[in-house]
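Chemist: Pasting protein26.tsv below, which is TSV, C-alpha atoms.
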```tsv
chain	number	residue	atom	x	y	z
A	1	MET	CA	32.92	59.72	3.95
A	2	ARG	CA	29.19	60.43	3.41
A	3	LEU	CA	27.33	58.53	0.63
A	4	THR	CA	24.40	59.81	-1.40
A	5	PRO	CA	21.21	57.60	-1.36
A	6	GLY	CA	21.97	56.41	-4.92
A	7	ARG	CA	25.51	55.35	-4.03
A	8	ARG	CA	24.23	53.65	-0.85
A	9	LEU	CA	21.80	51.58	-2.99
A	10	GLY	CA	24.57	50.67	-5.43
A	11	LEU	CA	26.87	49.62	-2.60
A	12	ALA	CA	24.13	47.49	-1.02
A	13	GLY	CA	23.50	45.80	-4.36
A	14	SER	CA	27.19	45.10	-4.87
A	15	LEU	CA	27.51	43.65	-1.36
A	16	LEU	CA	24.45	41.42	-1.98
A	17	LEU	CA	25.91	40.10	-5.25
A	18	LEU	CA	29.26	39.56	-3.53
A	19	PHE	CA	27.50	37.56	-0.81
A	20	LEU	CA	25.34	35.52	-3.22
A	21	GLY	CA	28.18	34.90	-5.68
A	22	PRO	CA	29.53	31.73	-4.03
A	23	PHE	CA	25.96	30.40	-3.59
A	24	PRO	CA	24.51	30.15	-7.11
A	25	GLY	CA	21.49	28.26	-5.76
A	26	LEU	CA	20.36	31.44	-3.99
A	27	VAL	CA	20.36	33.54	-7.13
A	28	PRO	CA	16.71	34.10	-8.14
A	29	ALA	CA	17.34	33.20	-11.82
A	30	ALA	CA	18.23	29.63	-10.82
A	31	THR	CA	14.96	29.34	-8.91
A	32	VAL	CA	13.04	30.42	-12.02
A	33	ASP	CA	14.84	27.78	-14.12
A	34	GLU	CA	14.01	25.07	-11.62
A	35	GLY	CA	10.39	26.20	-11.65
A	36	MET	CA	10.25	25.90	-15.43
A	37	VAL	CA	11.58	22.34	-15.27
A	38	ASP	CA	8.82	21.48	-12.80
A	39	ILE	CA	6.14	23.14	-14.90
A	40	ARG	CA	7.22	21.42	-18.11
A	41	THR	CA	7.54	18.07	-16.33
A	42	ARG	CA	3.98	18.46	-15.05
A	43	GLU	CA	2.55	19.50	-18.43
A	44	ILE	CA	4.21	16.59	-20.27
A	45	ALA	CA	3.33	14.06	-17.55
A	46	LYS	CA	-0.31	15.15	-17.76
A	47	THR	CA	-0.47	14.05	-21.41
A	48	LEU	CA	0.98	10.57	-20.79
A	49	ARG	CA	-1.01	7.61	-19.53
A	50	CYS	CA	0.10	5.69	-16.48
A	51	THR	CA	0.37	2.24	-18.06
A	52	VAL	CA	-0.36	0.34	-14.85
A	53	CYS	CA	-3.34	2.46	-13.71
A	54	GLN	CA	-6.95	2.93	-14.72
A	55	THR	CA	-7.30	6.12	-16.79
A	56	GLU	CA	-4.80	8.13	-14.74
A	57	SER	CA	-2.05	10.27	-16.15
A	58	VAL	CA	1.62	9.86	-15.23
A	59	TRP	CA	1.30	13.11	-13.31
A	60	GLU	CA	-1.72	12.08	-11.22
A	61	SER	CA	-0.69	8.51	-10.48
A	62	GLY	CA	0.98	7.38	-7.29
A	63	ALA	CA	2.28	4.15	-8.90
A	64	ASP	CA	6.04	3.48	-8.79
A	65	LEU	CA	6.27	3.27	-12.58
A	66	ALA	CA	4.55	6.66	-12.96
A	67	ARG	CA	6.93	8.18	-10.40
A	68	GLN	CA	9.89	6.76	-12.32
A	69	MET	CA	8.46	8.11	-15.57
A	70	ARG	CA	8.14	11.58	-14.01
A	71	GLU	CA	11.83	11.34	-13.06
A	72	VAL	CA	12.77	10.39	-16.62
A	73	ILE	CA	10.72	13.34	-17.95
A	74	ARG	CA	12.37	15.72	-15.46
A	75	GLU	CA	15.86	14.52	-16.41
A	76	ARG	CA	15.15	14.92	-20.12
A	77	VAL	CA	13.66	18.39	-19.61
A	78	ALA	CA	16.72	19.42	-17.58
A	79	LYS	CA	18.94	17.96	-20.32
A	80	GLY	CA	17.29	20.27	-22.85
A	81	ASP	CA	14.98	17.92	-24.77
A	82	THR	CA	11.88	19.55	-26.24
A	83	ASP	CA	8.36	18.48	-25.20
A	84	ALA	CA	7.88	16.81	-28.59
A	85	GLU	CA	11.14	14.86	-28.24
A	86	ILE	CA	10.17	13.59	-24.78
A	87	ARG	CA	6.71	12.52	-25.94
A	88	ALA	CA	8.29	10.86	-29.00
A	89	TYR	CA	10.62	8.93	-26.69
A	90	PHE	CA	7.75	7.48	-24.65
A	91	LEU	CA	5.80	6.83	-27.85
A	92	SER	CA	8.74	4.84	-29.25
A	93	ARG	CA	8.78	2.68	-26.10
A	94	TYR	CA	5.10	2.21	-25.31
A	95	GLY	CA	3.29	3.02	-28.56
A	96	ASP	CA	0.09	5.04	-28.93
A	97	TYR	CA	-1.23	3.55	-25.68
A	98	ILE	CA	0.98	5.92	-23.67
A	99	LEU	CA	-0.82	8.99	-25.03
A	100	LEU	CA	-3.93	10.03	-23.10
A	101	GLU	CA	-5.16	11.82	-26.23
A	102	PRO	CA	-4.89	9.73	-29.43
A	103	ARG	CA	-2.78	11.25	-32.20
A	104	ARG	CA	-4.68	12.85	-35.07
A	105	SER	CA	-3.33	10.56	-37.79
A	106	GLY	CA	-4.16	7.37	-39.70
A	107	MET	CA	-6.96	5.26	-38.26
A	108	ASN	CA	-7.11	7.58	-35.24
A	109	TRP	CA	-9.03	10.04	-37.42
A	110	LEU	CA	-11.92	7.56	-37.21
A	111	LEU	CA	-11.93	8.03	-33.43
A	112	TRP	CA	-11.94	11.81	-33.70
A	113	ALA	CA	-14.32	12.23	-36.61
A	114	GLY	CA	-16.48	9.10	-36.07
A	115	PRO	CA	-19.00	10.57	-33.60
A	116	PHE	CA	-19.50	13.73	-35.69
A	117	LEU	CA	-19.81	11.65	-38.86
A	118	LEU	CA	-22.44	9.43	-37.25
A	119	LEU	CA	-24.28	12.51	-35.96
A	120	LEU	CA	-24.27	13.99	-39.47
A	121	LEU	CA	-25.49	10.74	-41.06
A	122	GLY	CA	-28.20	10.37	-38.43
A	123	GLY	CA	-29.29	14.00	-38.94
A	124	LEU	CA	-29.47	13.56	-42.72
A	125	GLY	CA	-31.47	10.35	-42.31
A	126	LEU	CA	-33.87	12.08	-39.92
A	127	LEU	CA	-34.29	15.00	-42.30
A	128	ARG	CA	-35.13	12.70	-45.21
A	129	THR	CA	-37.64	10.73	-43.14
A	130	LEU	CA	-39.34	13.88	-41.84
A	131	ARG	CA	-39.60	15.27	-45.38
A	132	ARG	CA	-41.19	12.04	-46.59
A	133	TRP	CA	-43.71	12.09	-43.73
A	134	VAL	CA	-44.65	15.68	-44.49
A	135	ALA	CA	-45.10	14.84	-48.20
A	136	GLN	CA	-47.36	11.86	-47.38
A	137	THR	CA	-49.60	13.79	-44.92
A	138	PRO	CA	-53.03	14.73	-46.49
A	139	GLY	CA	-53.30	18.38	-47.44
A	140	PRO	CA	-55.38	21.01	-45.61
A	141	ALA	CA	-59.22	21.20	-45.84
A	142	ALA	CA	-59.00	23.55	-48.84
A	143	ASP	CA	-58.09	20.55	-51.01
A	144	ALA	CA	-61.25	18.63	-49.91
A	145	PRO	CA	-64.26	18.58	-52.28
A	146	PRO	CA	-66.96	21.23	-51.45
A	147	LEU	CA	-69.81	20.23	-49.09
A	148	ASP	CA	-73.05	19.52	-50.94
A	149	GLU	CA	-76.35	21.08	-49.81
A	150	SER	CA	-77.93	17.93	-48.32
A	151	SER	CA	-74.85	17.19	-46.20
A	152	ARG	CA	-74.75	20.76	-44.93
A	153	GLN	CA	-78.42	20.58	-43.89
A	154	ARG	CA	-77.84	17.26	-42.13
A	155	ILE	CA	-74.92	18.66	-40.13
A	156	GLU	CA	-76.99	21.66	-39.05
A	157	ARG	CA	-79.82	19.35	-37.95
A	158	GLU	CA	-77.53	17.25	-35.87
A	159	LEU	CA	-75.92	20.31	-34.30
A	160	ARG	CA	-79.32	21.67	-33.32
A	161	SER	CA	-80.29	18.33	-31.78
A	162	LEU	CA	-77.20	18.58	-29.53
A	163	GLY	CA	-78.13	22.05	-28.27
A	164	PRO	CA	-80.02	22.81	-24.99
B	165	MET	CA	-31.51	-0.26	-52.31
B	166	ARG	CA	-30.11	3.24	-52.80
B	167	GLY	CA	-26.48	4.36	-52.60
B	168	TRP	CA	-26.70	5.87	-49.15
B	169	HIS	CA	-28.25	2.65	-47.82
B	170	PHE	CA	-25.09	0.82	-48.88
B	171	ILE	CA	-22.90	3.43	-47.19
B	172	LEU	CA	-24.89	3.20	-43.94
B	173	LEU	CA	-24.83	-0.61	-44.03
B	174	GLY	CA	-21.07	-0.58	-44.69
B	175	GLY	CA	-20.49	1.79	-41.77
B	176	ILE	CA	-22.54	-0.32	-39.37
B	177	LEU	CA	-20.77	-3.52	-40.48
B	178	GLY	CA	-17.39	-1.78	-40.03
B	179	LEU	CA	-18.31	-0.77	-36.49
B	180	LEU	CA	-19.47	-4.34	-35.73
B	181	VAL	CA	-16.12	-5.71	-36.92
B	182	LEU	CA	-14.28	-3.21	-34.68
B	183	PHE	CA	-16.45	-4.13	-31.67
B	184	TYR	CA	-15.93	-7.85	-32.38
B	185	GLU	CA	-12.14	-7.39	-32.50
B	186	GLY	CA	-12.26	-5.40	-29.26
B	187	LEU	CA	-14.30	-8.05	-27.48
B	188	TRP	CA	-11.69	-10.75	-28.04
B	189	GLY	CA	-8.62	-8.69	-27.27
B	190	ASP	CA	-6.98	-8.61	-23.84
B	191	PRO	CA	-7.83	-5.19	-22.34
B	192	LYS	CA	-4.69	-5.32	-20.17
B	193	ALA	CA	-2.34	-6.12	-23.05
B	194	ILE	CA	-0.37	-3.18	-24.40
B	195	PRO	CA	0.80	-3.79	-27.97
B	196	THR	CA	4.57	-4.10	-28.20
B	197	VAL	CA	6.16	-1.52	-30.46
B	198	LEU	CA	9.78	-2.54	-29.91
B	199	ILE	CA	9.70	-5.82	-31.86
B	200	GLY	CA	11.98	-5.50	-34.88
B	201	THR	CA	13.85	-2.49	-33.46
B	202	PRO	CA	17.41	-2.41	-32.04
B	203	ALA	CA	17.60	-3.24	-28.33
B	204	PRO	CA	18.22	-0.04	-26.31
B	205	GLY	CA	21.75	-0.06	-24.91
B	206	PHE	CA	22.50	0.11	-21.21
B	207	SER	CA	25.27	-0.03	-18.63
B	208	ALA	CA	24.35	-1.21	-15.16
B	209	THR	CA	25.80	-2.66	-11.99
B	210	GLU	CA	25.84	-6.42	-11.58
B	211	LEU	CA	24.01	-7.70	-8.54
B	212	GLY	CA	26.46	-9.16	-6.04
B	213	THR	CA	29.75	-8.25	-7.73
B	214	GLY	CA	29.21	-4.52	-8.31
B	215	ARG	CA	30.95	-4.65	-11.70
B	216	THR	CA	29.53	-2.72	-14.61
B	217	ILE	CA	27.87	-4.70	-17.37
B	218	SER	CA	27.02	-3.17	-20.76
B	219	LEU	CA	24.77	-4.61	-23.41
B	220	SER	CA	27.42	-3.83	-26.01
B	221	GLU	CA	29.62	-6.56	-24.46
B	222	PHE	CA	27.24	-9.18	-25.85
B	223	GLN	CA	27.19	-8.24	-29.51
B	224	GLY	CA	26.76	-11.27	-31.72
B	225	LYS	CA	24.91	-13.27	-29.06
B	226	VAL	CA	21.28	-14.27	-28.71
B	227	VAL	CA	20.32	-12.42	-25.53
B	228	VAL	CA	17.39	-13.21	-23.25
B	229	LEU	CA	16.73	-10.24	-20.98
B	230	ASN	CA	14.41	-11.02	-18.08
B	231	PHE	CA	12.97	-8.24	-15.88
B	232	TRP	CA	12.10	-9.47	-12.38
B	233	ALA	CA	11.91	-8.35	-8.75
B	234	SER	CA	11.98	-10.06	-5.35
B	235	TRP	CA	8.56	-8.56	-4.49
B	236	CYS	CA	7.02	-9.98	-7.69
B	237	GLN	CA	4.91	-13.07	-6.98
B	238	GLU	CA	4.57	-14.10	-10.64
B	239	CYS	CA	8.36	-14.07	-11.03
B	240	ARG	CA	8.55	-17.05	-8.69
B	241	LEU	CA	6.49	-19.07	-11.17
B	242	GLU	CA	9.12	-18.72	-13.88
B	243	GLN	CA	12.40	-18.93	-11.96
B	244	GLN	CA	12.75	-22.72	-12.35
B	245	ASN	CA	12.12	-22.43	-16.09
B	246	LEU	CA	14.75	-19.70	-16.40
B	247	LEU	CA	17.24	-22.00	-14.63
B	248	GLU	CA	16.28	-24.71	-17.13
B	249	ILE	CA	16.88	-22.38	-20.07
B	250	GLN	CA	20.32	-21.51	-18.69
B	251	ASN	CA	21.09	-25.21	-18.14
B	252	GLU	CA	20.13	-25.99	-21.72
B	253	PHE	CA	21.75	-23.08	-23.55
B	254	GLY	CA	24.22	-21.59	-21.05
B	255	ASN	CA	27.17	-23.51	-22.51
B	256	ASN	CA	26.52	-22.12	-25.97
B	257	PRO	CA	29.00	-19.23	-26.50
B	258	ASN	CA	26.38	-17.46	-28.63
B	259	PHE	CA	23.80	-17.34	-25.84
B	260	LEU	CA	23.30	-15.07	-22.85
B	261	LEU	CA	20.56	-15.01	-20.23
B	262	LEU	CA	20.63	-11.83	-18.18
B	263	GLY	CA	18.29	-10.85	-15.35
B	264	VAL	CA	17.34	-7.24	-14.64
B	265	ASP	CA	16.35	-6.75	-11.01
B	266	TYR	CA	13.73	-4.02	-11.29
B	267	HIS	CA	12.96	-1.47	-8.56
B	268	ASP	CA	14.27	-3.65	-5.78
B	269	ARG	CA	16.63	-3.63	-2.81
B	270	ASP	CA	19.86	-5.60	-3.16
B	271	PRO	CA	19.51	-7.58	0.11
B	272	ASP	CA	15.94	-8.63	-0.84
B	273	ALA	CA	17.09	-9.59	-4.33
B	274	LYS	CA	20.00	-11.67	-3.01
B	275	ARG	CA	17.73	-13.44	-0.52
B	276	TYR	CA	15.26	-14.17	-3.34
B	277	LEU	CA	18.01	-15.72	-5.48
B	278	ASP	CA	19.29	-17.75	-2.51
B	279	VAL	CA	15.81	-19.22	-2.05
B	280	PHE	CA	14.76	-19.72	-5.68
B	281	GLY	CA	18.21	-20.33	-7.17
B	282	SER	CA	20.22	-18.62	-9.85
B	283	ASN	CA	22.73	-19.81	-12.42
B	284	PHE	CA	22.97	-16.66	-14.54
B	285	HIS	CA	23.98	-13.00	-14.12
B	286	HIS	CA	21.74	-10.16	-12.97
B	287	ILE	CA	22.01	-6.39	-13.19
B	288	VAL	CA	20.15	-3.94	-10.97
B	289	ASP	CA	17.73	-1.25	-12.16
B	290	PRO	CA	16.59	0.45	-8.93
B	291	SER	CA	15.24	3.60	-10.61
B	292	GLY	CA	13.53	1.72	-13.45
B	293	VAL	CA	15.36	3.66	-16.16
B	294	ILE	CA	16.29	0.53	-18.11
B	295	ALA	CA	12.77	-0.86	-17.71
B	296	ILE	CA	11.19	2.32	-19.10
B	297	ASP	CA	13.69	2.25	-21.97
B	298	TYR	CA	12.30	-1.19	-22.84
B	299	GLY	CA	8.66	-0.12	-22.47
B	300	VAL	CA	8.22	-2.41	-19.47
B	301	TYR	CA	5.02	-1.82	-17.51
B	302	GLY	CA	5.23	-4.68	-15.03
B	303	VAL	CA	7.32	-7.65	-14.04
B	304	PRO	CA	8.02	-10.27	-15.17
B	305	GLU	CA	8.67	-9.32	-18.77
B	306	THR	CA	11.21	-11.00	-21.04
B	307	PHE	CA	12.84	-9.87	-24.28
B	308	VAL	CA	14.86	-11.87	-26.79
B	309	PHE	CA	17.40	-10.18	-29.09
B	310	ASP	CA	18.96	-11.83	-32.10
B	311	GLN	CA	22.69	-11.84	-32.92
B	312	LYS	CA	22.32	-8.44	-34.55
B	313	GLY	CA	20.85	-6.92	-31.40
B	314	ILE	CA	17.32	-6.66	-32.83
B	315	ILE	CA	14.42	-7.38	-30.45
B	316	ARG	CA	12.68	-10.46	-31.85
B	317	HIS	CA	10.32	-11.53	-29.10
B	318	LYS	CA	8.69	-10.29	-25.92
B	319	VAL	CA	6.85	-12.21	-23.23
B	320	VAL	CA	4.59	-10.36	-20.80
B	321	GLY	CA	4.07	-12.43	-17.67
B	322	PRO	CA	5.86	-15.52	-16.39
B	323	ILE	CA	7.83	-17.88	-18.65
B	324	ALA	CA	5.66	-20.86	-17.85
B	325	GLY	CA	3.47	-23.41	-19.66
B	326	SER	CA	2.98	-22.60	-23.34
B	327	ASN	CA	5.06	-19.40	-22.98
B	328	TYR	CA	8.06	-21.48	-21.93
B	329	LYS	CA	7.69	-23.99	-24.78
B	330	GLN	CA	7.21	-21.26	-27.34
B	331	LEU	CA	10.21	-19.28	-26.07
B	332	VAL	CA	12.54	-22.29	-26.16
B	333	GLU	CA	11.33	-24.13	-29.26
B	334	GLN	CA	10.15	-21.32	-31.50
B	335	VAL	CA	12.43	-18.45	-30.53
B	336	ILE	CA	15.72	-19.26	-28.76
B	337	ARG	CA	16.60	-22.52	-30.51
B	338	PRO	CA	15.80	-21.31	-34.06
B	339	LEU	CA	17.73	-18.08	-33.41
B	340	LEU	CA	20.77	-20.01	-32.20
B	341	GLU	CA	20.53	-22.37	-35.15
B	342	GLY	CA	20.15	-19.44	-37.53
B	343	GLN	CA	16.74	-20.62	-38.68
B	344	ARG	CA	14.78	-17.61	-37.59
B	345	SER	CA	15.25	-14.27	-39.27
```
Would you give me this structure, written as structure tokens?
Modeler:
Amino acid sequence: MRLTPGRRLGLAGSLLLLFLGPFPGLVPAATVDEGMVDIRTREIAKTLRCTVCQTESVWESGADLARQMREVIRERVAKGDTDAEIRAYFLSRYGDYILLEPRRSGMNWLLWAGPFLLLLLGGLGLLRTLRRWVAQTPGPAADAPPLDESSRQRIERELRSLGP
Amino acid sequence: MRGWHFILLGGILGLLVLFYEGLWGDPKAIPTVLIGTPAPGFSATELGTGRTISLSEFQGKVVVLNFWASWCQECRLEQQNLLEIQNEFGNNPNFLLLGVDYHDRDPDAKRYLDVFGSNFHHIVDPSGVIAIDYGVYGVPETFVFDQKGIIRHKVVGPIAGSNYKQLVEQVIRPLLEGQRS
């Protein structure tokens, strides 16, 4: 029996599925899922502080505790927890310290807004001071009283004496 | 003095207070957030016997949960005091001292207990799952739960010196005598 190219392709596809059927790990979709677990684990671990390191994230750290935390994150991701649920879990165990970026709430607003607030206050202070300085500076020569005739003659004399 | 002078002065004073507080704090200390919350449940294998131990078995008891490891040098400083605590309270049916062998190998842990002694039970936590559930970031760390299973006290570092006295006199004994709520 001769097969058309389309039927040959269909048959090849069916044989491939038949072969891969008993090996679900070889099906591409499973590989994509596994990749997503890795990606989400990495992204969550990057936002958590390694509690036994100096300013390193759980993702970057080589410490045992950080490795164990990455495992916990991976298991929770695989179990179906959302990113927010996983972060909330670590927050409930370690407090705000576990977050590399402080939460934008309560007293933490002072941390976020403080530098800008100080910059604004400093700028306003500088503006006020500069304005006061400008106001206190003597006005231009136009405000000065006119030169009388004897003074003008004296200046001319002295200028001539300086000449060659 | 004008209004904005007061605001500026208040801001500077506020910052000074924050800096002052920060200067006297321990930069390594992580504030405990679990005090006053229910102790996370667990089931784990007992070191030596292989039987499964669950926290739920000890409802109604004052539980002292001590995280340790054979590779931990500071744990050696507290082992004698832990034995003392067990000697003093171990006969009380409302008391339990339980060790959690953290991220360790069983043969090393058994050798450690042979050398430094043990008169209480230990469970193993090789992957650190229980430790992370308790917000542990190093060993030794010790937690005390009341009869209702609420975490009442945490000690970071060895149970020695003033830590030991405080744990026994101000935490365990009052909890057992129902004087601490």
Chemist: Range 260-275 of chain B: which residues within 6 Å, counting all atoms listed in the file, same-chain residues fewer than 5 positions away excluded, as a list in words?
Modeler: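 Result of the neighbour search: Val227, Val228, Leu229, Asn230, Phe231, Trp232, Ala233, Ser234, His285, His286, Ile287, Val288, Asp289, Pro290, Ser291 and Gly292 of chain B.
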Chemist: Please provide as a PDB file with C-alpha atoms, in the coordinates of the input all residues within 10 Å of range 101-114 of chain A, with the sequence filter that same-chain residues fewer than 6 positions apart are discarded (counting all atoms listed in the file).
Modeler:
```
ATOM      1  CA  THR A  47      -0.470  14.050 -21.410  1.00  0.00           C
ATOM      2  CA  LEU A  48       0.980  10.570 -20.790  1.00  0.00           C
ATOM      3  CA  ARG A  49      -1.010   7.610 -19.530  1.00  0.00           C
ATOM      4  CA  LEU A 120     -24.270  13.990 -39.470  1.00  0.00           C
TER       5      LEU A 120
END
```
Chemist: Chain B near chain A within 7 Å: what's each residue's closest atom pair and its distance in Å to one decimal, counting all atoms listed in the file, ordered by chain then ascending residue number, as JSON lines?
Modeler:
```
{"residue": "B:Ile194", "atom": "CA", "partner": "A:Tyr97", "partner_atom": "CA", "distance": 6.9}
{"residue": "B:Thr196", "atom": "CA", "partner": "A:Tyr94", "partner_atom": "CA", "distance": 7.0}
{"residue": "B:Val197", "atom": "CA", "partner": "A:Gly95", "partner_atom": "CA", "distance": 5.7}
{"residue": "B:Leu198", "atom": "CA", "partner": "A:Arg93", "partner_atom": "CA", "distance": 6.5}
{"residue": "B:Ser291", "atom": "CA", "partner": "A:Gln68", "partner_atom": "CA", "distance": 6.4}
{"residue": "B:Gly292", "atom": "CA", "partner": "A:Gln68", "partner_atom": "CA", "distance": 6.3}
{"residue": "B:Asp297", "atom": "CA", "partner": "A:Arg93", "partner_atom": "CA", "distance": 6.4}
{"residue": "B:Tyr298", "atom": "CA", "partner": "A:Arg93", "partner_atom": "CA", "distance": 6.2}
{"residue": "B:Gly299", "atom": "CA", "partner": "A:Arg93", "partner_atom": "CA", "distance": 4.6}
{"residue": "B:Tyr301", "atom": "CA", "partner": "A:Thr51", "partner_atom": "CA", "distance": 6.2}
```
Chemist: If we count all atoms listed in the file and set the cut-off at 9 Å, which residues sit around Phe206 in chain B, ignoring sequence neighbours fewer than 6 positions away in its own chain? Please answer as an NGL selection string.
Modeler: :B and (217-220 or 294)
Chemist: Using C-alpha atoms, can you write the selected residues to a file as a CSV table (one decimal), in the coordinates of the input?
Modeler:
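Produced file part-v3.csv, reproduced below:
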```
chain,number,residue,atom,x,y,z
B,217,ILE,CA,27.9,-4.7,-17.4
B,218,SER,CA,27.0,-3.2,-20.8
B,219,LEU,CA,24.8,-4.6,-23.4
B,220,SER,CA,27.4,-3.8,-26.0
B,294,ILE,CA,16.3,0.5,-18.1
```
Chemist: To one decimal place in Å, what is the distance between CA of Arg215 in chain B and CA of Lys312 in chain B?
Modeler: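 Interatomic distance here is 24.7 Å.
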Chemist: Just to confirm, what's the straight-line distance from CA of Ile336 in chain B to CA of Val226 in chain B in Å (one decimal)?
Modeler: 7.5 Å
Chemist: Using all atoms listed in the file, which of the listed residues (A:Leu119, A:Met36, A:Ile44, A:Cys53) sits closest to Arg70 in chain A?
Modeler: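 Of the candidates, the smallest distance to Arg70 in chain A is held by A:Ile44.
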Chemist: Measuring between all atoms listed in the file, which one of A:Ala78, A:Gly123, A:Pro115, A:Leu100 shows the shortest distance to Gly35 in chain A?
Modeler: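 That would be A:Ala78, the residue with the smallest distance to Gly35 in chain A.
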Chemist: Between A:Ile73, A:Ala88, A:Ala135, A:Leu99, which one has atoms that come closest to Glu56 in chain A, using only C-alpha atoms?
Modeler: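 For Glu56 in chain A, the nearest of the candidates is A:Leu99.
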Chemist: Here is a test: counting only C-alpha atoms, which residue of A:Arg128, A:Lys46, A:Arg157, A:Arg40 is nearest to Gly80 in chain A?
Modeler: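 The answer is A:Arg40, which sits nearest to Gly80 in chain A.
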Chemist: State, in Å with one decimal place, the distance from CA of Ala203 in chain B to CA of Gln223 in chain B.
Modeler: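 Computing it gives 10.9 Å between the two atoms.
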